[in-house]
Protein chains: 2
Amino acid sequence: MSTDEPIAYRVFNEIGIIDQLSTHAFTQSLPRGMSVAQFSILNHFVRLGHEYSTPARLASAFQVSRPTMSTTLSRLERAGLVALTPDPDDGRGKRVAITQAGRTMRDQCIVGLAGPLRDVEDHVRSDLLTDLLPLLAELRQILDEMRN
Amino acid sequence: MSTDEPIAYRVFNEIGIIDQLSTHAFTQSLPRGMSVAQFSILNHFVRLGHEYSTPARLASAFQVSRPTMSTTLSRLERAGLVALTPDPDDGRGKRVAITQAGRTMRDQCIVGLAGPLRDVEDHVRSDLLTDLLPLLAELRQILDEMRN
DNA sequence: AATAGATAATTAGCTACCTAATTATAATGG
DNA sequence: CCATTATAATTAGGTAGCTAATTATCTATT
């Protein structure tokens, strides 16, 4: 199927389908109302252990536009999972910090995701993921460099 | 970075970023107002050479929900790139056919996409894409089977 | 023949992403 | 010191994807 399409087209096509299927599966396993994007932000705080960040730095960390980060942070704030405060040193900026409820929610998400993740690892031949990861990282890095 | 996350999580994370970057780049190279999703549908008609299809079959071919296909087809119809007619044999169904304007638009999209696709193929080491494709196809197939 | 159950498509309402344009504040240069 | 330029965040408006619920029609069962 599609064997006459350019190789790059076919690769990105597969990637698009996988992204869609996996995002969907993971969303299902998250607590009601949580999305992968929102979880990623909570996870970011816990993993890096930083006290706080800013919308602009988060947008750049996730390679997402600032308006997109702005609305995702609003949803997290509305749910009480993140606190937004004005930056005392810069009247334009804001500080974003995870709340205790946010940490709890992050832990619940980790629990929910564990099953589906293990499922995938169990259904796939043992080397597939370890073979894929470096190749994907290589492609991602090149695409990242190209967009400048 | 993230070396303590589950391997599957890291793989899907890379895939998500690549999907985002590539979709963005390809959208830029398409004629004004066209999206990758819309192009894919036009391309589907030309490639398979079918006279017409139905919203339901298209939704299933692209592994997308029917409401999603419904709105994408509406946009294509609004742009005159696709024609929707009632199915004469089934009062519930519709037939979808590509128009002449749709074929012309599809050709323009192919031209626009050629540059970025060649760009990627030129910037990447020669084996990366051919190494990736079968692994991605394998993963996609397994995920596809798992969601049942 | 009538009722119940599938199926086709759409509508409503949500999240994620984008660009373009606004608003507010900082930083810089004449 | 003021004007310009840059930066932070948001608002407005658009596309793509989803689920849940509607409407219409077909199919099957009784």
# chains A, B, ... in the order shown; residues from 1 in each chain; ligands from 1
$ interface_residues --of "chain B" --to "chain D" --cutoff "7 Å" --atoms "only C-alpha atoms (C1' of nucleotides)" --output "PyMOL selection string"
chain B and resi 68+91-92
$ write_last_selection --atoms "C-alpha atoms" --output "mmCIF file, in the first residue's frame"
data_model
loop_
_atom_site.group_PDB
_atom_site.id
_atom_site.type_symbol
_atom_site.label_atom_id
_atom_site.label_comp_id
_atom_site.auth_asym_id
_atom_site.auth_seq_id
_atom_site.Cartn_x
_atom_site.Cartn_y
_atom_site.Cartn_z
ATOM 1 C CA THR B 68 -14.296 14.203 12.060
ATOM 2 C CA GLY B 91 -31.396 6.852 2.001
ATOM 3 C CA ARG B 92 -29.072 7.208 4.969
#
$ interface_residues --of "chain A" --to "chain B" --cutoff "8 Å" --atoms "only C-alpha atoms" --output "mmCIF file with N, CA and C atoms, in the first residue's frame"
data_model
loop_
_atom_site.group_PDB
_atom_site.id
_atom_site.type_symbol
_atom_site.label_atom_id
_atom_site.label_comp_id
_atom_site.auth_asym_id
_atom_site.auth_seq_id
_atom_site.Cartn_x
_atom_site.Cartn_y
_atom_site.Cartn_z
ATOM 1 N N PRO A 6 6.666 8.912 -1.922
ATOM 2 C CA PRO A 6 8.036 9.152 -1.433
ATOM 3 C C PRO A 6 8.231 8.518 -0.060
ATOM 4 N N ILE A 7 9.423 8.023 0.164
ATOM 5 C CA ILE A 7 9.709 7.339 1.434
ATOM 6 C C ILE A 7 9.424 8.245 2.624
ATOM 7 N N ALA A 8 9.789 9.510 2.519
ATOM 8 C CA ALA A 8 9.561 10.424 3.642
ATOM 9 C C ALA A 8 8.066 10.571 3.918
ATOM 10 N N TYR A 9 7.291 10.613 2.845
ATOM 11 C CA TYR A 9 5.845 10.743 3.015
ATOM 12 C C TYR A 9 5.293 9.547 3.769
ATOM 13 N N ARG A 10 5.755 8.374 3.399
ATOM 14 C CA ARG A 10 5.257 7.165 4.054
ATOM 15 C C ARG A 10 5.665 7.120 5.524
ATOM 16 N N VAL A 11 6.888 7.548 5.795
ATOM 17 C CA VAL A 11 7.347 7.569 7.187
ATOM 18 C C VAL A 11 6.476 8.504 8.020
ATOM 19 N N PHE A 12 6.242 9.706 7.521
ATOM 20 C CA PHE A 12 5.453 10.665 8.295
ATOM 21 C C PHE A 12 4.003 10.228 8.401
ATOM 22 N N GLU A 14 3.003 7.055 8.681
ATOM 23 C CA GLU A 14 2.982 6.073 9.774
ATOM 24 C C GLU A 14 3.057 6.788 11.121
ATOM 25 N N ILE A 15 3.942 7.779 11.192
ATOM 26 C CA ILE A 15 4.110 8.501 12.447
ATOM 27 C C ILE A 15 2.820 9.195 12.851
ATOM 28 N N GLY A 16 2.133 9.775 11.887
ATOM 29 C CA GLY A 16 0.872 10.440 12.189
ATOM 30 C C GLY A 16 -0.160 9.480 12.742
ATOM 31 N N ILE A 17 -0.256 8.303 12.134
ATOM 32 C CA ILE A 17 -1.234 7.319 12.597
ATOM 33 C C ILE A 17 -0.877 6.834 14.005
ATOM 34 N N ILE A 18 0.402 6.548 14.219
ATOM 35 C CA ILE A 18 0.829 6.078 15.541
ATOM 36 C C ILE A 18 0.551 7.137 16.599
ATOM 37 N N ASP A 19 0.846 8.372 16.276
ATOM 38 C CA ASP A 19 0.602 9.446 17.240
ATOM 39 C C ASP A 19 -0.876 9.496 17.599
ATOM 40 N N LEU A 21 -3.198 7.069 17.341
ATOM 41 C CA LEU A 21 -3.618 5.896 18.102
ATOM 42 C C LEU A 21 -3.107 5.966 19.542
ATOM 43 N N SER A 22 -1.844 6.339 19.711
ATOM 44 C CA SER A 22 -1.276 6.316 21.066
ATOM 45 C C SER A 22 -1.855 7.436 21.923
ATOM 46 N N ALA A 25 -5.218 6.275 23.059
ATOM 47 C CA ALA A 25 -5.173 5.240 24.095
ATOM 48 C C ALA A 25 -4.761 5.839 25.442
ATOM 49 N N GLN A 63 7.939 22.847 22.614
ATOM 50 C CA GLN A 63 7.885 23.213 21.194
ATOM 51 C C GLN A 63 6.456 23.443 20.735
ATOM 52 N N LEU A 117 1.116 1.467 28.913
ATOM 53 C CA LEU A 117 2.529 1.452 28.515
ATOM 54 C C LEU A 117 3.084 0.032 28.591
ATOM 55 N N VAL A 120 1.815 -2.097 25.734
ATOM 56 C CA VAL A 120 2.542 -1.934 24.474
ATOM 57 C C VAL A 120 3.855 -2.699 24.539
ATOM 58 N N GLU A 121 4.569 -2.508 25.629
ATOM 59 C CA GLU A 121 5.866 -3.164 25.749
ATOM 60 C C GLU A 121 5.720 -4.684 25.697
ATOM 61 N N HIS A 123 3.289 -6.333 24.017
ATOM 62 C CA HIS A 123 2.775 -6.824 22.740
ATOM 63 C C HIS A 123 3.784 -6.698 21.603
ATOM 64 N N VAL A 124 4.852 -5.993 21.864
ATOM 65 C CA VAL A 124 5.817 -5.688 20.817
ATOM 66 C C VAL A 124 7.033 -6.585 20.984
ATOM 67 N N LEU A 128 11.948 -3.901 19.406
ATOM 68 C CA LEU A 128 11.368 -2.892 18.522
ATOM 69 C C LEU A 128 11.505 -1.480 19.080
ATOM 70 N N LEU A 129 11.159 -1.309 20.338
ATOM 71 C CA LEU A 129 11.176 0.034 20.902
ATOM 72 C C LEU A 129 12.598 0.564 21.065
ATOM 73 N N THR A 130 13.494 -0.312 21.488
ATOM 74 C CA THR A 130 14.884 0.154 21.648
ATOM 75 C C THR A 130 15.543 0.411 20.300
ATOM 76 N N LEU A 132 13.792 1.571 17.726
ATOM 77 C CA LEU A 132 13.126 2.771 17.206
ATOM 78 C C LEU A 132 13.644 4.053 17.850
ATOM 79 N N LEU A 133 13.819 4.003 19.152
ATOM 80 C CA LEU A 133 14.076 5.250 19.880
ATOM 81 C C LEU A 133 15.225 6.082 19.313
ATOM 82 N N LEU A 135 16.564 6.071 16.370
ATOM 83 C CA LEU A 135 16.264 6.532 15.011
ATOM 84 C C LEU A 135 15.290 7.704 15.048
ATOM 85 N N LEU A 136 14.280 7.593 15.895
ATOM 86 C CA LEU A 136 13.311 8.680 16.026
ATOM 87 C C LEU A 136 13.973 9.934 16.577
ATOM 88 N N ALA A 137 14.846 9.737 17.554
ATOM 89 C CA ALA A 137 15.531 10.890 18.139
ATOM 90 C C ALA A 137 16.380 11.586 17.079
ATOM 91 N N LEU A 139 15.843 11.578 13.789
ATOM 92 C CA LEU A 139 14.951 12.281 12.858
ATOM 93 C C LEU A 139 14.396 13.552 13.480
ATOM 94 N N ARG A 140 13.990 13.440 14.721
ATOM 95 C CA ARG A 140 13.413 14.601 15.400
ATOM 96 C C ARG A 140 14.435 15.741 15.479
ATOM 97 N N ILE A 142 16.941 16.346 13.496
ATOM 98 C CA ILE A 142 17.176 16.938 12.178
ATOM 99 C C ILE A 142 16.025 17.862 11.784
ATOM 100 N N LEU A 143 14.803 17.408 12.033
ATOM 101 C CA LEU A 143 13.645 18.251 11.723
ATOM 102 C C LEU A 143 13.703 19.544 12.525
ATOM 103 N N ASP A 144 14.150 19.389 13.759
ATOM 104 C CA ASP A 144 14.237 20.541 14.643
ATOM 105 C C ASP A 144 15.240 21.554 14.101
ATOM 106 N N ARG A 147 13.969 23.573 10.810
ATOM 107 C CA ARG A 147 12.943 24.624 10.850
ATOM 108 C C ARG A 147 13.511 25.975 11.243
#
$ closest_atom_pairs --of "chain A" --to "chain C" --cutoff "12 Å" --atoms "only C-alpha atoms (C1' of nucleotides)" --output "tab-separated table"
residue	atom	partner	partner_atom	distance
A:Thr23	CA	C:DA16	C1'	11.3
A:Thr27	CA	C:DT15	C1'	10.9
A:Gly33	CA	C:DT15	C1'	9.4
A:Met34	CA	C:DT15	C1'	9.5
A:Ser35	CA	C:DT15	C1'	7.6
A:Val36	CA	C:DA16	C1'	9.7
A:Ala37	CA	C:DA16	C1'	7.8
A:Gln38	CA	C:DT15	C1'	10.0
A:Gln63	CA	C:DC17	C1'	11.1
A:Val64	CA	C:DC17	C1'	8.0
A:Ser65	CA	C:DC18	C1'	7.7
A:Arg66	CA	C:DC18	C1'	10.4
A:Pro67	CA	C:DC18	C1'	9.0
A:Thr68	CA	C:DC17	C1'	6.7
A:Met69	CA	C:DA16	C1'	9.7
A:Ser70	CA	C:DA16	C1'	11.6
A:Thr71	CA	C:DA16	C1'	9.4
A:Thr72	CA	C:DA16	C1'	8.4
A:Arg75	CA	C:DT15	C1'	9.7
A:Asp87	CA	C:DT25	C1'	11.7
A:Asp89	CA	C:DA26	C1'	10.7
A:Asp90	CA	C:DT25	C1'	7.7
A:Gly91	CA	C:DT25	C1'	5.8
A:Arg92	CA	C:DT25	C1'	5.2
A:Gly93	CA	C:DT25	C1'	8.9
$ select_by_dssp --residues "chain B" --states "strand (DSSP E or B)" --output "PyMOL selection string"
chain B and resi 53+82-86+94-98
$ atom_distance --atom1 "atom CA of B:Gly80" --atom2 "atom CA of B:Ile41"
13.5 Å
$ select_by_dssp --residues "stretch 10-121 of chain B" --states "alpha helix (DSSP H)" --output "PyMOL selection string"
chain B and resi 10-29+36-48+55-61+66-78+100-121
$ residues_around --residues "stretch 101-109 of chain A" --least-positions-apart "3" --cutoff "9 Å" --atoms "only C-alpha atoms (C1' of nucleotides)" --output "number ranges by chain"
A: 29-31, 34, 39-40, 42-43, 45-46, 76, 79-82, 98, 112-114
$ decode --residues "chain D" --atoms "C-alpha atoms (C1' of nucleotides)" --output "PDB file, in the first residue's frame"
ATOM      1  C1'  DC D   1      14.341  61.607  28.185  1.00  0.00           C
ATOM      2  C1'  DC D   2      11.647  60.042  24.655  1.00  0.00           C
ATOM      3  C1'  DA D   3      10.780  57.070  20.838  1.00  0.00           C
ATOM      4  C1'  DT D   4      11.531  52.757  18.911  1.00  0.00           C
ATOM      5  C1'  DT D   5      11.965  47.995  19.190  1.00  0.00           C
ATOM      6  C1'  DA D   6      11.544  43.657  21.517  1.00  0.00           C
ATOM      7  C1'  DT D   7       9.315  40.519  24.616  1.00  0.00           C
ATOM      8  C1'  DA D   8       5.368  38.261  27.647  1.00  0.00           C
ATOM      9  C1'  DA D   9       0.954  36.945  27.560  1.00  0.00           C
ATOM     10  C1'  DT D  10      -3.625  36.942  25.774  1.00  0.00           C
ATOM     11  C1'  DT D  11      -7.578  37.260  22.487  1.00  0.00           C
ATOM     12  C1'  DA D  12      -9.758  36.123  18.109  1.00  0.00           C
ATOM     13  C1'  DG D  13     -10.498  32.981  14.674  1.00  0.00           C
ATOM     14  C1'  DG D  14      -9.343  28.739  12.200  1.00  0.00           C
ATOM     15  C1'  DT D  15      -8.442  23.324  11.504  1.00  0.00           C
ATOM     16  C1'  DA D  16      -8.239  18.490  13.377  1.00  0.00           C
ATOM     17  C1'  DG D  17      -9.371  15.238  16.466  1.00  0.00           C
ATOM     18  C1'  DC D  18     -12.581  13.175  20.073  1.00  0.00           C
ATOM     19  C1'  DT D  19     -17.270  11.593  22.582  1.00  0.00           C
ATOM     20  C1'  DA D  20     -22.168  11.882  23.263  1.00  0.00           C
ATOM     21  C1'  DA D  21     -26.472  12.647  21.498  1.00  0.00           C
ATOM     22  C1'  DT D  22     -29.888  13.381  17.304  1.00  0.00           C
ATOM     23  C1'  DT D  23     -32.184  12.352  13.134  1.00  0.00           C
ATOM     24  C1'  DA D  24     -33.142   9.467   9.427  1.00  0.00           C
ATOM     25  C1'  DT D  25     -33.339   5.197   7.298  1.00  0.00           C
ATOM     26  C1'  DC D  26     -32.590   0.337   6.855  1.00  0.00           C
ATOM     27  C1'  DT D  27     -32.868  -4.525   8.700  1.00  0.00           C
ATOM     28  C1'  DA D  28     -34.464  -8.078  11.347  1.00  0.00           C
ATOM     29  C1'  DT D  29     -37.536 -10.193  14.657  1.00  0.00           C
ATOM     30  C1'  DT D  30     -41.696 -11.253  16.355  1.00  0.00           C
TER      31       DT D  30
END
